[in-house]
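The file query-v8.cif contains mmCIF, C-alpha atoms:
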data_input
loop_
_atom_site.group_PDB
_atom_site.id
_atom_site.type_symbol
_atom_site.label_atom_id
_atom_site.label_comp_id
_atom_site.auth_asym_id
_atom_site.auth_seq_id
_atom_site.Cartn_x
_atom_site.Cartn_y
_atom_site.Cartn_z
ATOM 1 C CA MET A 1149 122.095 84.105 137.286
ATOM 2 C CA ALA A 1150 118.440 83.753 136.390
ATOM 3 C CA ILE A 1151 116.813 84.712 133.108
ATOM 4 C CA THR A 1152 115.155 88.103 133.546
ATOM 5 C CA ALA A 1153 114.427 89.262 129.990
ATOM 6 C CA ILE A 1154 112.969 87.684 126.858
ATOM 7 C CA THR A 1155 113.092 89.294 123.445
ATOM 8 C CA PHE A 1156 110.929 88.279 120.504
ATOM 9 C CA ASP A 1157 111.260 88.565 116.770
ATOM 10 C CA PHE A 1158 108.031 89.832 115.175
ATOM 11 C CA TRP A 1159 107.355 88.231 111.776
ATOM 12 C CA SER A 1160 106.815 84.445 111.769
ATOM 13 C CA THR A 1161 107.386 84.487 115.523
ATOM 14 C CA LEU A 1162 104.773 86.732 117.113
ATOM 15 C CA TYR A 1163 102.739 87.460 113.968
ATOM 16 C CA HIS A 1164 102.101 85.833 110.631
ATOM 17 C CA TYR A 1165 100.025 86.380 107.504
ATOM 18 C CA LEU A 1166 96.907 84.317 106.939
ATOM 19 C CA GLN A 1167 97.166 85.588 103.383
ATOM 20 C CA SER A 1168 100.212 87.309 101.907
ATOM 21 C CA PRO A 1169 99.816 91.063 101.319
ATOM 22 C CA ARG A 1170 101.771 90.894 98.071
ATOM 23 C CA GLY A 1171 98.640 90.516 95.971
ATOM 24 C CA ARG A 1172 97.249 93.766 97.390
ATOM 25 C CA GLN A 1173 100.618 95.443 96.900
ATOM 26 C CA LEU A 1174 100.651 94.352 93.264
ATOM 27 C CA GLN A 1175 97.172 95.777 92.711
ATOM 28 C CA GLN A 1176 98.120 99.080 94.304
ATOM 29 C CA ILE A 1177 101.214 99.464 92.145
ATOM 30 C CA GLN A 1178 99.283 98.592 88.979
ATOM 31 C CA LYS A 1179 96.624 101.141 89.949
ATOM 32 C CA ILE A 1180 99.079 103.998 90.390
ATOM 33 C CA LEU A 1181 100.957 103.069 87.216
ATOM 34 C CA ALA A 1182 97.743 103.138 85.193
ATOM 35 C CA ALA A 1183 96.810 106.501 86.713
ATOM 36 C CA HIS A 1184 100.047 107.894 85.292
ATOM 37 C CA GLY A 1185 99.576 106.305 81.889
ATOM 38 C CA HIS A 1186 102.106 103.523 82.505
ATOM 39 C CA HIS A 1187 100.249 100.372 81.549
ATOM 40 C CA ARG A 1188 102.281 97.300 82.441
ATOM 41 C CA HIS A 1189 101.300 93.655 82.318
ATOM 42 C CA GLU A 1190 100.838 91.945 85.668
ATOM 43 C CA LEU A 1191 103.803 89.670 84.970
ATOM 44 C CA GLN A 1192 106.053 92.689 84.342
ATOM 45 C CA VAL A 1193 105.049 94.295 87.619
ATOM 46 C CA THR A 1194 105.397 91.017 89.497
ATOM 47 C CA LYS A 1195 108.916 90.555 88.129
ATOM 48 C CA ALA A 1196 109.837 94.129 89.050
ATOM 49 C CA MET A 1197 108.549 93.524 92.575
ATOM 50 C CA GLU A 1198 110.534 90.289 92.897
ATOM 51 C CA GLN A 1199 113.684 92.059 91.726
ATOM 52 C CA ALA A 1200 113.021 94.837 94.238
ATOM 53 C CA TRP A 1201 112.772 92.265 97.018
ATOM 54 C CA GLN A 1202 116.072 90.752 95.894
ATOM 55 C CA THR A 1203 117.686 94.188 96.154
ATOM 56 C CA TRP A 1204 116.055 94.737 99.541
ATOM 57 C CA ASP A 1205 117.223 91.338 100.772
ATOM 58 C CA ASN A 1206 120.801 91.965 99.647
ATOM 59 C CA ILE A 1207 120.936 95.265 101.535
ATOM 60 C CA TRP A 1208 119.433 93.632 104.628
ATOM 61 C CA ARG A 1209 121.924 90.778 104.600
ATOM 62 C CA THR A 1210 125.075 92.702 103.705
ATOM 63 C CA LYS A 1211 124.550 96.130 105.281
ATOM 64 C CA ASN A 1212 122.422 95.281 108.317
ATOM 65 C CA TYR A 1213 119.642 97.733 107.737
ATOM 66 C CA THR A 1214 116.158 97.468 106.250
ATOM 67 C CA PRO A 1215 115.093 99.839 103.443
ATOM 68 C CA LYS A 1216 111.697 101.430 104.057
ATOM 69 C CA ALA A 1217 108.597 101.217 101.892
ATOM 70 C CA ASP A 1218 109.519 104.279 99.838
ATOM 71 C CA ALA A 1219 112.947 102.832 99.034
ATOM 72 C CA TRP A 1220 111.419 99.509 97.985
ATOM 73 C CA LEU A 1221 108.870 101.277 95.794
ATOM 74 C CA GLY A 1222 111.735 103.196 94.234
ATOM 75 C CA PHE A 1223 113.413 99.900 93.365
ATOM 76 C CA VAL A 1224 110.182 98.710 91.709
ATOM 77 C CA MET A 1225 109.792 101.885 89.649
ATOM 78 C CA GLU A 1226 113.430 101.741 88.595
ATOM 79 C CA ASN A 1227 113.004 98.130 87.482
ATOM 80 C CA LEU A 1228 109.969 99.162 85.434
ATOM 81 C CA GLY A 1229 111.723 102.221 84.017
ATOM 82 C CA VAL A 1230 108.974 104.633 85.042
ATOM 83 C CA SER A 1231 108.615 107.605 87.373
ATOM 84 C CA LEU A 1232 105.731 109.018 89.388
ATOM 85 C CA SER A 1233 104.961 112.485 90.684
ATOM 86 C CA ASN A 1234 106.284 113.085 94.191
ATOM 87 C CA THR A 1235 102.773 113.269 95.611
ATOM 88 C CA SER A 1236 101.677 109.987 94.010
ATOM 89 C CA PHE A 1237 104.904 108.263 94.983
ATOM 90 C CA GLU A 1238 104.627 109.296 98.631
ATOM 91 C CA HIS A 1239 100.936 108.361 98.753
ATOM 92 C CA THR A 1240 101.613 104.909 97.289
ATOM 93 C CA ALA A 1241 104.571 104.311 99.627
ATOM 94 C CA LEU A 1242 102.332 105.101 102.609
ATOM 95 C CA ILE A 1243 99.685 102.638 101.406
ATOM 96 C CA LEU A 1244 102.353 99.956 101.003
ATOM 97 C CA GLU A 1245 103.722 100.724 104.461
ATOM 98 C CA LYS A 1246 100.271 100.103 105.945
ATOM 99 C CA SER A 1247 99.490 97.001 103.879
ATOM 100 C CA ALA A 1248 99.962 94.754 106.922
ATOM 101 C CA LEU A 1249 97.080 96.479 108.718
ATOM 102 C CA THR A 1250 94.485 93.903 107.829
ATOM 103 C CA GLU A 1251 92.616 91.060 109.460
ATOM 104 C CA ASP A 1252 94.887 88.728 107.461
ATOM 105 C CA THR A 1253 97.734 89.710 109.812
ATOM 106 C CA GLN A 1254 97.262 87.849 113.074
ATOM 107 C CA PRO A 1255 99.187 86.769 116.188
ATOM 108 C CA VAL A 1256 100.561 83.260 116.013
ATOM 109 C CA GLU A 1257 98.373 80.757 117.849
ATOM 110 C CA GLY A 1258 99.100 80.823 121.575
ATOM 111 C CA VAL A 1259 100.827 84.216 121.598
ATOM 112 C CA PRO A 1260 98.333 86.275 123.666
ATOM 113 C CA GLU A 1261 97.994 83.856 126.571
ATOM 114 C CA THR A 1262 101.717 83.054 126.586
ATOM 115 C CA LEU A 1263 102.720 86.726 126.717
ATOM 116 C CA GLU A 1264 100.294 87.259 129.567
ATOM 117 C CA ARG A 1265 101.964 84.493 131.579
ATOM 118 C CA LEU A 1266 105.547 85.443 130.703
ATOM 119 C CA SER A 1267 105.080 89.133 131.458
ATOM 120 C CA ILE A 1268 104.438 88.297 135.105
ATOM 121 C CA LYS A 1269 107.921 86.837 135.540
ATOM 122 C CA TYR A 1270 110.071 88.417 132.808
ATOM 123 C CA ARG A 1271 110.633 91.780 131.123
ATOM 124 C CA LEU A 1272 109.650 91.392 127.489
ATOM 125 C CA GLY A 1273 110.949 93.167 124.406
ATOM 126 C CA ILE A 1274 110.704 93.014 120.626
ATOM 127 C CA ILE A 1275 113.606 93.028 118.180
ATOM 128 C CA CYS A 1276 112.166 93.304 114.690
ATOM 129 C CA ASP A 1277 113.660 93.690 111.238
ATOM 130 C CA THR A 1278 110.838 95.637 109.631
ATOM 131 C CA GLY A 1279 109.872 95.063 106.005
ATOM 132 C CA LEU A 1280 107.564 97.522 104.289
ATOM 133 C CA GLY A 1281 105.625 98.009 107.508
ATOM 134 C CA SER A 1282 107.205 100.531 109.887
ATOM 135 C CA GLY A 1283 107.652 100.102 113.603
ATOM 136 C CA GLN A 1284 104.648 102.372 114.106
ATOM 137 C CA VAL A 1285 102.500 100.113 111.931
ATOM 138 C CA LEU A 1286 103.574 97.086 113.952
ATOM 139 C CA ARG A 1287 102.769 98.899 117.196
ATOM 140 C CA THR A 1288 99.305 99.500 115.761
ATOM 141 C CA LEU A 1289 98.875 95.760 115.242
ATOM 142 C CA LEU A 1290 100.025 95.042 118.782
ATOM 143 C CA GLU A 1291 97.659 97.661 120.153
ATOM 144 C CA ARG A 1292 94.779 96.305 118.067
ATOM 145 C CA ASP A 1293 95.274 92.861 119.582
ATOM 146 C CA GLU A 1294 95.871 94.217 123.122
ATOM 147 C CA LEU A 1295 99.435 92.887 123.215
ATOM 148 C CA LEU A 1296 101.326 96.176 123.387
ATOM 149 C CA PRO A 1297 101.281 96.499 127.219
ATOM 150 C CA TYR A 1298 103.164 93.215 127.659
ATOM 151 C CA PHE A 1299 106.335 94.736 126.199
ATOM 152 C CA SER A 1300 108.575 97.282 127.848
ATOM 153 C CA HIS A 1301 111.081 97.855 125.032
ATOM 154 C CA PHE A 1302 110.929 97.868 121.233
ATOM 155 C CA THR A 1303 113.785 97.826 118.745
ATOM 156 C CA PHE A 1304 112.421 98.218 115.226
ATOM 157 C CA SER A 1305 115.087 98.353 112.536
ATOM 158 C CA ASP A 1306 113.520 101.257 110.640
ATOM 159 C CA GLU A 1307 113.703 103.366 113.815
ATOM 160 C CA PHE A 1308 116.984 102.082 115.218
ATOM 161 C CA GLY A 1309 118.886 102.283 111.938
ATOM 162 C CA ARG A 1310 120.382 98.801 112.115
ATOM 163 C CA SER A 1311 118.982 95.304 111.793
ATOM 164 C CA LYS A 1312 119.803 91.853 113.091
ATOM 165 C CA PRO A 1313 122.287 90.259 113.455
ATOM 166 C CA HIS A 1314 124.213 93.475 114.227
ATOM 167 C CA PRO A 1315 125.209 93.328 117.916
ATOM 168 C CA ASP A 1316 124.107 96.922 118.583
ATOM 169 C CA VAL A 1317 120.492 95.840 118.063
ATOM 170 C CA PHE A 1318 120.682 93.251 120.817
ATOM 171 C CA HIS A 1319 122.785 95.332 123.209
ATOM 172 C CA ALA A 1320 120.415 98.298 122.940
ATOM 173 C CA THR A 1321 117.427 96.085 123.648
ATOM 174 C CA LEU A 1322 119.080 94.422 126.627
ATOM 175 C CA LYS A 1323 119.947 97.844 128.010
ATOM 176 C CA GLY A 1324 116.325 98.896 127.577
ATOM 177 C CA LEU A 1325 115.253 95.802 129.520
ATOM 178 C CA ASN A 1326 117.903 96.342 132.214
ATOM 179 C CA ALA A 1327 119.433 92.936 131.538
ATOM 180 C CA LEU A 1328 122.885 91.530 130.832
ATOM 181 C CA PRO A 1329 123.350 89.203 127.835
ATOM 182 C CA HIS A 1330 123.453 86.037 129.947
ATOM 183 C CA GLN A 1331 120.174 87.097 131.575
ATOM 184 C CA GLY A 1332 118.411 87.371 128.225
ATOM 185 C CA VAL A 1333 116.828 84.874 125.846
ATOM 186 C CA HIS A 1334 115.872 85.733 122.277
ATOM 187 C CA ILE A 1335 113.080 83.900 120.438
ATOM 188 C CA GLY A 1336 112.969 84.067 116.646
ATOM 189 C CA ASP A 1337 112.617 82.038 113.489
ATOM 190 C CA LEU A 1338 115.714 82.847 111.403
ATOM 191 C CA ARG A 1339 119.090 81.323 112.100
ATOM 192 C CA HIS A 1340 121.165 83.979 110.331
ATOM 193 C CA THR A 1341 119.585 86.944 112.123
ATOM 194 C CA ASP A 1342 117.831 85.803 115.301
ATOM 195 C CA ILE A 1343 119.936 82.867 116.422
ATOM 196 C CA PHE A 1344 123.370 83.936 115.204
ATOM 197 C CA GLY A 1345 122.860 87.518 116.363
ATOM 198 C CA ALA A 1346 121.641 86.610 119.836
ATOM 199 C CA GLN A 1347 124.292 83.996 120.496
ATOM 200 C CA LYS A 1348 127.037 86.294 119.235
ATOM 201 C CA VAL A 1349 126.339 88.798 122.038
ATOM 202 C CA GLY A 1350 126.062 86.103 124.700
ATOM 203 C CA MET A 1351 122.306 85.561 124.835
ATOM 204 C CA ARG A 1352 120.596 82.196 124.703
ATOM 205 C CA ALA A 1353 118.360 81.589 121.707
ATOM 206 C CA ILE A 1354 115.146 79.680 121.080
ATOM 207 C CA ARG A 1355 114.143 79.043 117.480
ATOM 208 C CA PHE A 1356 110.406 79.118 116.875
ATOM 209 C CA ALA A 1357 109.778 76.792 113.930
ATOM 210 C CA GLY A 1358 105.989 76.727 114.053
ATOM 211 C CA ILE A 1359 105.511 79.030 111.064
ATOM 212 C CA ARG A 1360 108.793 78.764 109.192
ATOM 213 C CA ASP A 1361 111.288 75.995 109.927
ATOM 214 C CA ASP A 1362 114.628 77.528 108.955
ATOM 215 C CA ARG A 1363 117.172 74.838 108.053
ATOM 216 C CA ASP A 1364 119.967 77.182 106.907
ATOM 217 C CA GLN A 1365 123.093 75.194 107.731
ATOM 218 C CA ASN A 1366 125.344 78.223 107.159
ATOM 219 C CA TYR A 1367 124.429 79.581 110.582
ATOM 220 C CA PRO A 1368 124.361 78.126 114.095
ATOM 221 C CA GLU A 1369 121.385 76.344 115.534
ATOM 222 C CA ALA A 1370 119.469 77.606 118.540
ATOM 223 C CA ASP A 1371 119.908 76.274 122.052
ATOM 224 C CA VAL A 1372 116.343 74.963 121.884
ATOM 225 C CA ILE A 1373 113.816 74.557 119.046
ATOM 226 C CA ILE A 1374 110.081 74.829 119.670
ATOM 227 C CA TYR A 1375 107.068 74.456 117.386
ATOM 228 C CA LYS A 1376 104.266 75.680 119.640
ATOM 229 C CA TYR A 1377 103.957 78.501 122.151
ATOM 230 C CA SER A 1378 102.860 75.968 124.739
ATOM 231 C CA GLU A 1379 106.477 74.725 124.693
ATOM 232 C CA ILE A 1380 108.091 78.036 125.672
ATOM 233 C CA GLU A 1381 108.027 77.659 129.444
ATOM 234 C CA ALA A 1382 109.637 74.211 129.249
ATOM 235 C CA ALA A 1383 112.310 75.615 126.920
ATOM 236 C CA LEU A 1384 113.013 78.489 129.307
ATOM 237 C CA ASN A 1385 113.258 76.084 132.234
ATOM 238 C CA GLN A 1386 115.719 74.007 130.237
ATOM 239 C CA LEU A 1387 117.879 77.079 129.573
ATOM 240 C CA GLU A 1388 117.565 78.253 133.182
ATOM 241 C CA PHE A 1389 118.882 74.904 134.363
ATOM 242 C CA LYS A 1390 121.950 75.314 132.138
ATOM 243 C CA LEU A 1391 122.752 78.841 133.339
ATOM 244 C CA PRO A 1392 125.435 79.350 136.012
ATOM 245 C CA ASP A 1393 124.305 80.621 139.401
#
Turn the structure described in the file into structure tokens.
Amino acid sequence: MAITAITFDFWSTLYHYLQSPRGRQLQQIQKILAAHGHHRHELQVTKAMEQAWQTWDNIWRTKNYTPKADAWLGFVMENLGVSLSNTSFEHTALILEKSALTEDTQPVEGVPETLERLSIKYRLGIICDTGLGSGQVLRTLLERDELLPYFSHFTFSDEFGRSKPHPDVFHATLKGLNALPHQGVHIGDLRHTDIFGAQKVGMRAIRFAGIRDDRDQNYPEADVIIYKYSEIEAALNQLEFKLPD
């Protein structure tokens, strides 16, 4: 049966950072700390942020969900041993959530024209493990770049309540695209979430290595690896040829 649906990861697959937002996040946290009389050296705050990301990453990997910006900020404050007023905390968490809304966050080269071509033949969806940015923030980016209309289903982990590689994430997306697993192909950059998760439910998987080339040998490799969006149609044709009638 033919491929009818394609799902995409978001970060390092559809979008990437021209410049990491972590510098701006550091400045924002230092600003709010100083406003509350908590003066901390940049190295202390940086370490607290790194520890918070380690906590976040452990939850993501072991519990299959992604803590939101307010939870991550809570980890940072706990690591620093300080507290903020509820109003200041919520305001800072919202700023952190929107930190990806900048011109430094851009579609990967080749994405717009490729989505335009693919949307003619396939139903397209997004399966994204959100970081600090919520699904609504990522929709704003897609709308800004006029890419939102190409997709007919979105599964953002902060909204769905689970993250890759949990099978529910993939099954829900396939249902939203009116496709069976063997009719779907997932494109992503991480072997332990994108590739392992997709293959586990019976989808084919393409690993996009153009931004981040994941060599994690603890998880299976994709059916096809590509480095440029110009290679997607050939990869899909290769998978189509392998599919049973």
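Using only C-alpha atoms, the residues found no farther than 10 Å from Pro1315 (chain A), other than those of its own chain fewer than 2 positions away, are Arg1310, Ser1311, Lys1312, Pro1313, Val1317, Phe1318, His1319, Ala1320, Phe1344, Gly1345, Ala1346, Gln1347, Lys1348, Val1349 and Gly1350 of chain A.
The space separating CA of Arg1339 (chain A) from CA of Thr1303 (chain A) comes to 18.6 Å.
Of the listed residues (A:Val1285, A:Leu1174, A:Ala1150, A:Leu1290), A:Ala1150 comes nearest to Arg1352 (chain A); the distances count only C-alpha atoms.
Minimum atom-to-atom distances from A:Leu1296, A:Lys1216, A:Tyr1377, A:Asp1361 to Trp1204 (chain A) were compared using all atoms listed in the file, and the lowest value belongs to A:Lys1216.
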Starting from 4 Å padding per side, set up an axis-aligned box that covers all listed atoms of region 1364-1376 of chain A and hand over centre and edge lengths in Å, one decimal, as AutoDock Vina command-line options.
--center_x 114.8 --center_y 77.0 --center_z 114.5 --size_x 29.1 --size_y 13.1 --size_z 23.1
Worksheet item: Please, what distance in Å, to one decimal, runs between CA of Lys1376 (chain A) and CA of Leu1266 (chain A)?
Response: 14.8 Å
Worksheet item: Evaluating the PyMOL selection byres ((chain A and resi 1328) around 10) on the displayed file yields which residues, as a list in words?
Response: Met1149, Ile1151, Thr1152, Ala1153, His1319, Leu1322, Lys1323, Leu1325, Asn1326, Ala1327, Pro1329, His1330, Gln1331, Gly1332, Val1349, Gly1350 and Met1351 of chain A
Item to complete: Translate the PyMOL selection byres ((chain A and resi 1201) around 12), as applied to the file shown, into an explicit residue set as JSON, numbers by chain.
Response: {"A": [1170, 1194, 1195, 1196, 1197, 1198, 1199, 1200, 1202, 1203, 1204, 1205, 1206, 1207, 1208, 1209, 1214, 1215, 1216, 1217, 1219, 1220, 1221, 1222, 1223, 1224, 1227, 1279, 1280]}
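Taking CA of Ile1335 (chain A) and CA of Phe1156 (chain A) as endpoints, the distance between them is 4.9 Å.
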Item to complete: Step by step, work through what the PyMOL selection byres ((chain A and resi 1366-1368) around 7) selects in the shown file, and finish by giving those residues as a ChimeraX atom specification.
Response: /A:1339-1340,1343-1344,1364-1365,1369-1370
Worksheet, complete the sentence: Closest of A:Ile1154, A:Leu1244, A:Leu1162, A:Ala1382 to Ile1177 (chain A), counting all atoms listed in the file, is A:Leu1244
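Considering all atoms listed in the file, the residue among A:Asn1212, A:Glu1294, A:Ile1374, A:Arg1363 positioned nearest to Thr1341 (chain A) is A:Asn1212.
For the residues A:Glu1245, A:Glu1251, A:Glu1291, A:Glu1388, ranking by smallest atom-to-atom distance to Gln1176 (chain A) using all atoms listed in the file places A:Glu1245 first.
With distances restricted to all atoms listed in the file, A:Arg1172 is the closest residue to Thr1250 (chain A) from A:His1334, A:Arg1188, A:Arg1172, A:Lys1390.
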Can you pull out every residue within 9 Å of region 1180-1183 of chain A, counting all atoms listed in the file, but drop anything in the same chain fewer than 3 positions away, and send it as a PDB file with C-alpha atoms, in the frame of the given file?
ATOM      1  CA  GLN A1175      97.172  95.777  92.711  1.00  0.00           C
ATOM      2  CA  GLN A1176      98.120  99.080  94.304  1.00  0.00           C
ATOM      3  CA  ILE A1177     101.214  99.464  92.145  1.00  0.00           C
ATOM      4  CA  HIS A1186     102.106 103.523  82.505  1.00  0.00           C
ATOM      5  CA  HIS A1187     100.249 100.372  81.549  1.00  0.00           C
ATOM      6  CA  ARG A1188     102.281  97.300  82.441  1.00  0.00           C
ATOM      7  CA  VAL A1230     108.974 104.633  85.042  1.00  0.00           C
ATOM      8  CA  SER A1231     108.615 107.605  87.373  1.00  0.00           C
ATOM      9  CA  LEU A1232     105.731 109.018  89.388  1.00  0.00           C
ATOM     10  CA  SER A1236     101.677 109.987  94.010  1.00  0.00           C
ATOM     11  CA  PHE A1237     104.904 108.263  94.983  1.00  0.00           C
ATOM     12  CA  THR A1240     101.613 104.909  97.289  1.00  0.00           C
TER      13      THR A1240
END
